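K.L.:
You'll find model16.csv just under this line, and it carries CSV, C-alpha atoms and all ligand atoms.
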chain,number,residue,atom,x,y,z
A,1,MET,CA,-55.7,-10.3,6.1
A,2,ASP,CA,-53.9,-11.5,9.4
A,3,LYS,CA,-52.0,-14.7,9.4
A,4,LYS,CA,-54.1,-17.6,10.5
A,5,LYS,CA,-53.1,-21.0,11.9
A,6,ILE,CA,-52.9,-23.3,8.9
A,7,PRO,CA,-54.5,-26.7,9.3
A,8,THR,CA,-52.7,-29.8,8.0
A,9,LEU,CA,-53.7,-30.1,4.4
A,10,ALA,CA,-54.3,-33.6,3.1
A,11,LEU,CA,-55.0,-35.1,-0.3
A,12,ALA,CA,-58.1,-37.2,0.0
A,13,PRO,CA,-58.0,-40.8,-1.3
A,14,MET,CA,-59.6,-41.1,-4.7
A,15,ALA,CA,-59.7,-44.4,-6.5
A,16,GLY,CA,-58.4,-44.1,-10.0
A,17,PHE,CA,-56.7,-40.8,-9.3
A,18,THR,CA,-54.5,-40.5,-6.2
A,19,ASP,CA,-51.8,-42.9,-7.5
A,20,ALA,CA,-48.2,-42.4,-6.7
A,21,PRO,CA,-47.4,-39.9,-9.6
A,22,PHE,CA,-50.3,-37.7,-8.6
A,23,ARG,CA,-49.4,-37.8,-4.9
A,24,LEU,CA,-45.8,-36.8,-5.7
A,25,MET,CA,-47.1,-33.9,-7.7
A,26,CYS,CA,-49.3,-32.8,-4.7
A,27,TYR,CA,-46.4,-33.1,-2.3
A,28,LYS,CA,-44.4,-30.7,-4.5
A,29,ASN,CA,-47.2,-28.2,-4.2
A,30,GLY,CA,-47.8,-27.9,-0.5
A,31,CYS,CA,-49.7,-31.1,0.4
A,32,ASP,CA,-48.8,-32.2,3.9
A,33,ILE,CA,-50.1,-35.7,3.9
A,34,ALA,CA,-51.8,-38.0,1.3
A,35,VAL,CA,-53.8,-41.3,1.3
A,36,THR,CA,-53.5,-44.0,-1.4
A,37,GLU,CA,-56.5,-45.1,-3.4
A,38,MET,CA,-58.6,-47.6,-1.5
A,39,ILE,CA,-57.2,-51.1,-1.5
A,40,SER,CA,-59.1,-54.3,-0.8
A,41,ALA,CA,-57.9,-55.9,2.4
A,42,LYS,CA,-59.2,-59.3,1.2
A,43,ALA,CA,-57.5,-59.1,-2.2
A,44,MET,CA,-54.3,-58.2,-0.5
A,45,THR,CA,-54.4,-61.3,1.7
A,46,TYR,CA,-55.1,-63.3,-1.5
A,47,ARG,CA,-51.8,-61.9,-2.8
A,48,ASP,CA,-53.5,-60.2,-5.8
A,49,LYS,CA,-50.8,-58.6,-7.9
A,50,LYS,CA,-52.8,-55.5,-9.0
A,51,THR,CA,-53.8,-54.8,-5.4
A,52,GLY,CA,-50.1,-54.9,-4.4
A,53,GLU,CA,-49.3,-52.3,-7.1
A,54,LEU,CA,-51.7,-49.8,-5.6
A,55,ALA,CA,-49.8,-49.9,-2.3
A,56,ARG,CA,-46.3,-49.1,-3.7
A,57,LEU,CA,-44.7,-46.0,-2.3
A,58,PRO,CA,-41.9,-44.6,-4.5
A,59,LYS,CA,-39.2,-42.2,-3.3
A,60,GLY,CA,-40.7,-38.9,-2.1
A,61,ASP,CA,-44.2,-40.4,-1.6
A,62,SER,CA,-44.3,-39.5,2.1
A,63,PRO,CA,-46.0,-39.0,4.5
A,64,THR,CA,-48.6,-41.3,2.9
A,65,ALA,CA,-51.2,-43.5,4.6
A,66,ILE,CA,-52.4,-46.7,2.9
A,67,GLN,CA,-56.2,-47.0,2.8
A,68,LEU,CA,-57.8,-50.4,3.2
A,69,PHE,CA,-61.5,-51.3,2.7
A,70,GLY,CA,-63.2,-54.4,4.0
A,71,HIS,CA,-65.3,-55.4,7.0
A,72,GLU,CA,-63.9,-58.5,8.6
A,73,PRO,CA,-61.6,-57.4,11.5
A,74,HIS,CA,-59.2,-60.4,11.1
A,75,VAL,CA,-58.8,-59.9,7.4
A,76,MET,CA,-58.2,-56.1,7.8
A,77,ALA,CA,-55.7,-56.9,10.5
A,78,ALA,CA,-53.9,-59.5,8.3
A,79,ALA,CA,-53.7,-57.1,5.4
A,80,ALA,CA,-52.4,-54.3,7.7
A,81,ARG,CA,-49.7,-56.7,9.0
A,82,MET,CA,-48.7,-57.5,5.4
A,83,ILE,CA,-48.3,-53.8,4.8
A,84,GLU,CA,-46.2,-53.3,8.0
A,85,GLU,CA,-44.0,-56.3,7.2
A,86,CYS,CA,-43.8,-55.4,3.5
A,87,SER,CA,-44.9,-59.0,2.7
A,88,PHE,CA,-47.7,-58.5,0.3
A,89,GLU,CA,-47.4,-59.3,-3.4
A,90,GLY,CA,-45.1,-56.8,-5.2
A,91,CYS,CA,-44.3,-54.8,-2.1
A,92,ASP,CA,-42.0,-51.9,-3.0
A,93,PHE,CA,-41.6,-49.3,-0.3
A,94,SER,CA,-39.0,-46.7,-1.0
A,95,GLU,CA,-40.9,-44.8,1.7
A,96,LYS,CA,-42.6,-46.4,4.7
A,97,PRO,CA,-46.3,-45.8,5.0
A,98,VAL,CA,-47.2,-43.5,7.9
A,99,ALA,CA,-50.6,-45.0,8.8
A,100,ILE,CA,-53.2,-47.5,7.9
A,101,ASP,CA,-56.4,-45.7,7.0
A,102,ILE,CA,-59.8,-47.4,7.0
A,103,ASN,CA,-62.4,-46.6,4.4
A,104,MET,CA,-65.8,-46.1,6.1
A,105,GLY,CA,-67.2,-43.8,3.5
A,106,CYS,CA,-67.3,-45.3,0.1
A,107,PRO,CA,-70.9,-45.1,-1.2
A,108,VAL,CA,-70.5,-47.3,-4.3
A,109,LYS,CA,-73.2,-50.1,-4.3
A,110,LYS,CA,-70.8,-52.9,-4.9
A,111,ILE,CA,-68.7,-51.9,-1.9
A,112,ALA,CA,-71.5,-50.9,0.5
A,113,LEU,CA,-73.7,-53.9,-0.2
A,114,SER,CA,-70.8,-56.1,0.7
A,115,GLY,CA,-70.7,-54.5,4.1
A,116,ASP,CA,-67.6,-52.4,3.3
A,117,GLY,CA,-67.0,-48.7,3.0
A,118,SER,CA,-70.0,-46.6,4.1
A,119,ALA,CA,-71.9,-49.7,5.3
A,120,LEU,CA,-69.6,-49.5,8.4
A,121,MET,CA,-71.4,-46.3,9.4
A,122,LYS,CA,-74.4,-48.5,10.3
A,123,ASP,CA,-72.4,-50.5,12.8
A,124,PRO,CA,-70.2,-48.5,15.2
A,125,ARG,CA,-69.3,-51.6,17.2
A,126,LEU,CA,-67.9,-53.3,14.1
A,127,ALA,CA,-66.1,-50.1,13.2
A,128,CYS,CA,-64.5,-50.1,16.7
A,129,ASP,CA,-63.5,-53.8,16.4
A,130,ILE,CA,-61.9,-53.2,13.0
A,131,VAL,CA,-59.7,-50.3,14.3
A,132,TYR,CA,-58.9,-52.3,17.5
A,133,SER,CA,-57.9,-55.4,15.5
A,134,ILE,CA,-55.6,-53.5,13.3
A,135,LYS,CA,-54.1,-51.5,16.2
A,136,ASN,CA,-53.3,-54.8,17.9
A,137,ALA,CA,-51.7,-56.3,14.7
A,138,VAL,CA,-49.4,-53.4,13.8
A,139,SER,CA,-47.4,-50.6,15.3
A,140,LEU,CA,-48.5,-48.1,12.6
A,141,PRO,CA,-51.1,-45.5,13.6
A,142,VAL,CA,-54.6,-46.3,12.5
A,143,THR,CA,-56.8,-43.5,10.9
A,144,VAL,CA,-60.3,-43.6,9.6
A,145,LYS,CA,-62.3,-41.8,7.0
A,146,ILE,CA,-66.0,-41.7,7.8
A,147,ARG,CA,-69.2,-40.0,6.4
A,148,ALA,CA,-71.8,-37.9,8.3
A,149,GLY,CA,-73.9,-41.0,8.5
A,150,TRP,CA,-75.7,-43.5,6.4
A,151,ASP,CA,-78.7,-41.3,5.7
A,152,LYS,CA,-80.5,-38.2,7.1
A,153,ARG,CA,-82.3,-40.3,9.7
A,154,SER,CA,-79.0,-41.6,11.0
A,155,LYS,CA,-76.3,-38.9,11.1
A,156,ASN,CA,-74.2,-40.8,13.6
A,157,ALA,CA,-70.7,-39.5,12.7
A,158,VAL,CA,-70.2,-38.6,16.4
A,159,ASP,CA,-71.0,-42.2,17.6
A,160,VAL,CA,-68.8,-43.8,14.9
A,161,ALA,CA,-65.9,-41.4,15.6
A,162,LEU,CA,-66.2,-42.1,19.3
A,163,ALA,CA,-66.2,-45.9,18.6
A,164,CYS,CA,-63.2,-45.6,16.4
A,165,THR,CA,-61.4,-43.5,19.0
A,166,GLU,CA,-62.2,-46.3,21.6
A,167,GLY,CA,-60.6,-48.8,19.1
A,168,GLY,CA,-57.5,-46.6,19.0
A,169,ALA,CA,-57.8,-44.4,15.9
A,170,SER,CA,-55.5,-41.3,15.9
A,171,VAL,CA,-57.1,-39.4,13.1
A,172,VAL,CA,-60.8,-39.2,12.1
A,173,ALA,CA,-61.5,-37.6,8.7
A,174,VAL,CA,-65.2,-36.6,8.2
A,175,HIS,CA,-66.6,-36.3,4.8
A,176,ALA,CA,-69.6,-34.2,5.8
A,177,ARG,CA,-72.3,-35.9,3.6
A,178,THR,CA,-74.3,-39.0,4.3
A,179,ARG,CA,-74.0,-42.1,2.1
A,180,GLU,CA,-77.4,-41.2,0.8
A,181,GLU,CA,-76.2,-37.8,-0.4
A,182,LEU,CA,-73.3,-39.3,-2.4
A,183,TYR,CA,-71.5,-36.2,-3.7
A,184,ASN,CA,-74.5,-33.9,-4.0
A,185,PRO,CA,-73.6,-30.2,-3.6
A,186,GLY,CA,-73.6,-28.9,0.0
A,187,ILE,CA,-72.1,-30.3,3.1
A,188,ASP,CA,-73.0,-30.2,6.8
A,189,MET,CA,-70.1,-28.5,8.5
A,190,ASP,CA,-71.8,-28.7,11.8
A,191,ILE,CA,-71.3,-32.5,11.9
A,192,ILE,CA,-67.5,-32.0,11.7
A,193,ALA,CA,-67.7,-29.4,14.5
A,194,ARG,CA,-69.7,-31.9,16.6
A,195,VAL,CA,-67.1,-34.7,16.0
A,196,ARG,CA,-64.3,-32.2,16.9
A,197,ASP,CA,-66.1,-31.3,20.1
A,198,ALA,CA,-66.8,-34.9,21.1
A,199,LEU,CA,-63.3,-36.4,20.6
A,200,PRO,CA,-60.3,-36.0,22.9
A,201,PRO,CA,-57.8,-33.3,21.7
A,202,GLU,CA,-55.1,-35.9,21.0
A,203,VAL,CA,-57.3,-37.4,18.2
A,204,GLN,CA,-57.1,-35.2,15.2
A,205,VAL,CA,-60.2,-34.4,13.2
A,206,PHE,CA,-60.0,-33.6,9.5
A,207,GLY,CA,-62.8,-31.9,7.7
A,208,ASN,CA,-63.7,-32.9,4.1
A,209,GLY,CA,-66.1,-31.8,1.5
A,210,ASP,CA,-66.3,-29.1,-1.2
A,211,VAL,CA,-63.1,-27.2,-0.3
A,212,THR,CA,-62.0,-25.6,-3.5
A,213,ASP,CA,-59.9,-22.5,-2.5
A,214,GLY,CA,-58.5,-20.5,0.3
A,215,LYS,CA,-61.8,-19.0,1.2
A,216,SER,CA,-63.7,-22.3,1.5
A,217,ALA,CA,-60.7,-23.8,3.5
A,218,LEU,CA,-60.8,-20.9,6.0
A,219,GLU,CA,-64.6,-21.3,6.4
A,220,MET,CA,-64.1,-25.0,7.1
A,221,ALA,CA,-61.4,-24.3,9.6
A,222,GLU,CA,-63.3,-21.5,11.4
A,223,LYS,CA,-66.7,-23.2,11.5
A,224,THR,CA,-65.5,-26.6,12.6
A,225,GLY,CA,-62.3,-26.1,14.5
A,226,CYS,CA,-60.8,-29.0,12.6
A,227,ASP,CA,-57.1,-29.9,12.8
A,228,GLY,CA,-56.8,-30.7,9.2
A,229,ILE,CA,-58.6,-30.3,5.9
A,230,MET,CA,-58.8,-33.0,3.3
A,231,ILE,CA,-59.1,-32.0,-0.3
A,232,GLY,CA,-60.5,-34.3,-3.0
A,233,ARG,CA,-62.0,-33.3,-6.4
A,234,GLU,CA,-60.6,-29.8,-6.6
A,235,ALA,CA,-57.0,-31.2,-6.5
A,236,LEU,CA,-57.6,-33.4,-9.6
A,237,GLY,CA,-56.8,-30.6,-12.0
A,238,ASN,CA,-55.4,-28.2,-9.5
A,239,PRO,CA,-52.6,-29.9,-7.4
A,240,TRP,CA,-51.5,-26.4,-6.5
A,241,ILE,CA,-54.6,-25.9,-4.3
A,242,PHE,CA,-52.5,-26.8,-1.2
A,243,ASP,CA,-50.0,-23.9,-1.8
A,244,GLU,CA,-53.0,-21.7,-2.8
A,245,ILE,CA,-54.7,-22.3,0.6
A,246,LYS,CA,-51.5,-21.8,2.5
A,247,ALA,CA,-50.9,-18.4,0.8
A,248,TYR,CA,-54.5,-17.4,1.6
A,249,PHE,CA,-54.1,-18.3,5.3
A,250,LYS,CA,-50.8,-16.3,5.4
A,251,GLY,CA,-52.5,-13.3,3.7
A,252,GLU,CA,-50.1,-13.7,0.7
A,253,GLU,CA,-50.9,-13.1,-2.9
A,254,TYR,CA,-51.4,-16.3,-5.0
A,255,LEU,CA,-51.0,-16.2,-8.7
A,256,GLU,CA,-53.4,-18.4,-10.7
A,257,LYS,CA,-51.5,-21.0,-12.8
A,258,THR,CA,-51.2,-20.0,-16.5
A,259,LYS,CA,-52.4,-22.2,-19.4
A,260,GLU,CA,-48.8,-23.1,-20.1
A,261,GLU,CA,-48.2,-24.2,-16.5
A,262,ARG,CA,-51.3,-26.3,-16.5
A,263,ILE,CA,-50.4,-28.0,-19.8
A,264,SER,CA,-46.9,-28.6,-18.6
A,265,ALA,CA,-48.2,-30.2,-15.4
A,266,ALA,CA,-50.5,-32.5,-17.4
A,267,VAL,CA,-47.6,-33.6,-19.6
A,268,SER,CA,-45.5,-34.3,-16.6
A,269,LEU,CA,-48.2,-36.3,-14.8
A,270,VAL,CA,-49.1,-38.3,-17.9
A,271,SER,CA,-45.4,-39.1,-18.5
A,272,SER,CA,-45.0,-40.3,-14.9
A,273,ILE,CA,-48.2,-42.4,-15.2
A,274,VAL,CA,-46.9,-44.1,-18.4
A,275,GLU,CA,-43.5,-44.7,-16.8
A,276,MET,CA,-45.1,-46.4,-13.9
A,277,LYS,CA,-47.9,-48.3,-15.6
A,278,GLY,CA,-46.6,-48.9,-19.1
A,279,GLU,CA,-47.7,-47.1,-22.3
A,280,GLU,CA,-51.0,-48.9,-23.1
A,281,ARG,CA,-52.5,-48.8,-19.7
A,282,GLY,CA,-50.9,-45.4,-18.9
A,283,ILE,CA,-52.4,-43.7,-21.9
A,284,ARG,CA,-55.8,-45.2,-21.2
A,285,GLU,CA,-55.8,-43.8,-17.7
A,286,ALA,CA,-54.1,-40.6,-18.6
A,287,ARG,CA,-57.0,-39.4,-20.8
A,288,GLY,CA,-59.3,-38.7,-17.9
A,289,ARG,CA,-56.5,-37.4,-15.8
A,290,ALA,CA,-55.2,-34.8,-18.3
A,291,ALA,CA,-58.8,-33.6,-18.9
A,292,HIS,CA,-59.0,-32.2,-15.4
A,293,PHE,CA,-55.9,-30.0,-16.0
A,294,ILE,CA,-57.3,-28.5,-19.2
A,295,ARG,CA,-60.9,-28.0,-18.1
A,296,GLY,CA,-62.0,-24.5,-18.7
A,297,LEU,CA,-59.3,-23.6,-21.2
A,298,ARG,CA,-60.5,-22.4,-24.6
A,299,GLY,CA,-60.4,-25.3,-27.1
A,300,SER,CA,-60.3,-28.0,-24.3
A,301,ALA,CA,-63.3,-30.0,-25.8
A,302,GLU,CA,-61.4,-30.5,-29.1
A,303,LYS,CA,-58.3,-31.4,-27.2
A,304,ARG,CA,-60.1,-33.9,-25.1
A,305,ALA,CA,-61.5,-35.6,-28.2
A,306,ALA,CA,-58.0,-35.7,-29.8
A,307,LEU,CA,-56.5,-37.1,-26.6
A,308,ASN,CA,-59.1,-39.9,-26.7
A,309,SER,CA,-57.6,-41.2,-29.9
A,310,ALA,CA,-53.9,-40.8,-29.0
A,311,LYS,CA,-52.1,-44.1,-29.0
A,312,SER,CA,-48.7,-43.3,-27.7
A,313,LEU,CA,-47.1,-41.0,-25.1
A,314,SER,CA,-45.4,-38.9,-27.8
A,315,GLU,CA,-48.7,-38.4,-29.7
A,316,PHE,CA,-50.4,-37.5,-26.4
A,317,VAL,CA,-47.8,-35.0,-25.5
A,318,SER,CA,-47.8,-33.4,-29.0
A,319,ILE,CA,-51.5,-32.8,-28.8
A,320,LEU,CA,-51.2,-31.1,-25.4
A,321,ASN,CA,-48.1,-29.0,-26.4
A,322,GLU,CA,-49.5,-27.9,-29.8
A,323,TRP,CA,-52.1,-25.6,-28.3
A,324,GLU,CA,-52.8,-22.3,-30.1
B,1,LIG,C1,-63.4,-40.4,-8.2
B,1,LIG,C2,-63.4,-40.5,-6.7
B,1,LIG,C3,-62.9,-41.5,-6.0
B,1,LIG,C4,-62.9,-41.6,-4.6
B,1,LIG,N1,-62.3,-42.7,-4.0
B,1,LIG,C5,-62.2,-42.8,-2.7
B,1,LIG,C6,-61.5,-43.8,-2.0
B,1,LIG,O1,-60.8,-44.6,-2.6
B,1,LIG,N2,-61.5,-43.8,-0.6
B,1,LIG,C7,-62.2,-42.9,0.1
B,1,LIG,O2,-62.2,-42.9,1.3
B,1,LIG,N3,-62.9,-41.9,-0.5
B,1,LIG,C8,-62.9,-41.8,-1.9
B,1,LIG,N4,-63.6,-40.8,-2.5
B,1,LIG,C9,-64.1,-39.7,-1.7
B,1,LIG,C10,-63.1,-38.5,-1.5
B,1,LIG,O3,-62.0,-38.9,-0.7
B,1,LIG,C11,-63.8,-37.3,-0.8
B,1,LIG,O4,-64.3,-37.8,0.5
B,1,LIG,C12,-64.9,-36.7,-1.6
B,1,LIG,O5,-64.6,-36.5,-2.9
B,1,LIG,C13,-65.3,-35.3,-0.9
B,1,LIG,O6,-64.3,-34.4,-0.9
B,1,LIG,P1,-64.2,-33.2,-2.1
B,1,LIG,O7,-65.5,-32.5,-2.0
B,1,LIG,O8,-63.0,-32.4,-1.6
B,1,LIG,O9,-64.0,-33.9,-3.4
B,1,LIG,C14,-63.5,-40.6,-3.9
B,1,LIG,C15,-64.1,-39.6,-4.5
B,1,LIG,C16,-64.1,-39.5,-5.9
B,1,LIG,C17,-64.7,-38.3,-6.6
Can I see the file as structure tokens?
P.N.:
Amino acid sequence: MDKKKIPTLALAPMAGFTDAPFRLMCYKNGCDIAVTEMISAKAMTYRDKKTGELARLPKGDSPTAIQLFGHEPHVMAAAARMIEECSFEGCDFSEKPVAIDINMGCPVKKIALSGDGSALMKDPRLACDIVYSIKNAVSLPVTVKIRAGWDKRSKNAVDVALACTEGGASVVAVHARTREELYNPGIDMDIIARVRDALPPEVQVFGNGDVTDGKSALEMAEKTGCDGIMIGREALGNPWIFDEIKAYFKGEEYLEKTKEERISAAVSLVSSIVEMKGEERGIREARGRAAHFIRGLRGSAEKRAALNSAKSLSEFVSILNEWE
């Protein structure tokens, strides 16, 4: 296969998963840019400690954008200013964030019914105001992550993307499903292509949805003309996906990771999570995280059950390492 132009490869924001240890792992394996888990703008302005922790960027965690959710332009702007000034509770930036990203796609009821996340797809004017208010408050670039629309009767990604561009957004990432579709299989690549066609060339468009390997990434790039590809769920147990896609575009051979490499990566991730979050909380979170790395391996169901009862990091690591 000929060499193809490789789009920017981004790690999608995923609450509960794309924390700093995981982002660092993706950067080591070809990821070009990452986004934090979504962070409540309102909670940040209330100086909530746990919220502040989500926005920490340790050494090497760059170029990373911090994602905010909310719907009140002045609150979003105030939270963005706190980020730029590093004045929120517990701010710890060994790396400076490269952008403020706005969540316009979260479908979860609690979020959408409060007017946040995907609810913004129903109100392009408000989406524009939010971007504009943040742009006026900070010098950091503002990026947005949208969906195809709210439901099949209102696939208005082009309108929302144009409104965000008018507000000053420099990147528009399109998750090519409506809110109604949640994460159902199948995406509408045409909507990404239409957003790309509608926006000026200086605004980058990232395509997102169901990219799982080099072939699906190439299909996304060729069918949509997108500047970047954002990868979510596949990365959870496969942080090497970025290098895999790059190899595919270059026509190079890519060797699947061995069982030993996958286990070793799970151990390394779990250890970093425990180091960052403490043993009790770290182990609780690590169970679901390690499960992604061992999925499909023979004996993984038994291992998952054993990991669920592990109480310490050493016990957790022994269970993973003692694999026949
Ligand atoms: C567990 C989980 C958490 C997510 N959290 C966020 C989030 O915090 N912010 C956001 O914009 N999207 C979030 N998403 C959506 C993803 O960023 C992405 O748009 C979606 O998974 C589709 O991409 P994929 O098919 O590559 O997974 C989340 C998705 C999952 C599965």
K.L.:
To one decimal place, how far is CA of Lys49 (chain A) from CA of Glu89 (chain A) in Å?
P.N.:
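We find that CA of Lys49 (chain A) and CA of Glu89 (chain A) lie 5.7 Å from each other.
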K.L.:
From the list A:Glu85, A:Asp227, A:Asp151, A:Glu166, which residue is nearest Glu181 (chain A) when using all atoms listed in the file?
P.N.:
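Distance minimum relative to Glu181 (chain A) lands on A:Asp151.
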K.L.:
One decimal, Å: what's the distance from CA of Lys259 (chain A) over to CA of Asp32 (chain A), could you say?
P.N.:
25.6 Å
K.L.:
Quick one: residues within 6 Å of ligand LIG 1 (chain B), with only C-alpha atoms and all ligand atoms, as a list in words?
P.N.:
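The neighbouring residues of ligand LIG 1 (chain B) are, in order, Ala12, Pro13, Met14, Ala15, Glu37, Met38, Asn103, Gly105, Cys106, Lys145, His175, Asn208, Gly209, Asp210, Val211, Ile231, Gly232 and Arg233 of chain A.
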K.L.:
Please provide the set of residues having any atom within 9 Å of Lys42 (chain A), restricted to only C-alpha atoms, with same-chain residues fewer than 4 positions apart removed, written as a count of residues only.
P.N.:
9
K.L.:
Enter the distance from CA of Ser133 (chain A) to CA of Asp48 (chain A), in Å, rounded to one decimal.
P.N.:
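Result for CA of Ser133 (chain A) versus CA of Asp48 (chain A): 22.3 Å, one decimal.
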K.L.:
Find, counting only C-alpha atoms, the residue in A:Glu280, A:Glu302, A:Glu256, A:Glu202 that gets nearest to Thr165 (chain A).
P.N.:
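Using only C-alpha atoms, Thr165 (chain A) sits closest to A:Glu202.
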K.L.:
Go through A:Cys31, A:Thr8, A:Ile83, A:Gly90 and flag the residue nearest Asp61 (chain A), using all atoms listed in the file for the distances.
P.N.:
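Going through A:Cys31, A:Thr8, A:Ile83, A:Gly90 one by one, the smallest distance to Asp61 (chain A) is for A:Cys31.
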K.L.:
With all atoms listed in the file as the basis for distance, which of A:Met189, A:Ala266, A:Cys164, A:Ile241 is at the shortest distance from Lys223 (chain A)?
P.N.:
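Looking only at the distances to Lys223 (chain A), the closest residue turns out to be A:Met189.
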K.L.:
Taking into account all atoms listed in the file, which residue in the set A:Asp116, A:Tyr27, A:Val171, A:Ser216 is nearest to Gly186 (chain A)?
P.N.:
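Of A:Asp116, A:Tyr27, A:Val171, A:Ser216, the one nearest Gly186 (chain A), counting all atoms listed in the file, is A:Ser216.
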K.L.:
In the coordinate frame of the file, compute which residues have an atom within 7 Å of (-37.9, -44.1, -6.6) when using all atoms listed in the file, and state them as JSON, numbers by chain.
P.N.:
{"A": [58, 59, 94]}
K.L.:
Taking only C-alpha atoms into account, name the residue in A:Thr18, A:Ser268, A:Thr143, A:Ser40 that is nearest to Val205 (chain A).
P.N.:
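Nearest candidate to Val205 (chain A) out of A:Thr18, A:Ser268, A:Thr143, A:Ser40: A:Thr143.
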K.L.:
Do you know which residues lie at most 12 Å from (-75.6, -41.5, 13.8), with coordinates as in the file and all atoms listed in the file counted, and could you write them as JSON, numbers by chain?
P.N.:
{"A": [120, 121, 122, 123, 124, 146, 147, 148, 149, 150, 151, 152, 153, 154, 155, 156, 157, 158, 159, 160, 161, 162, 163, 178, 179, 191, 194, 195]}
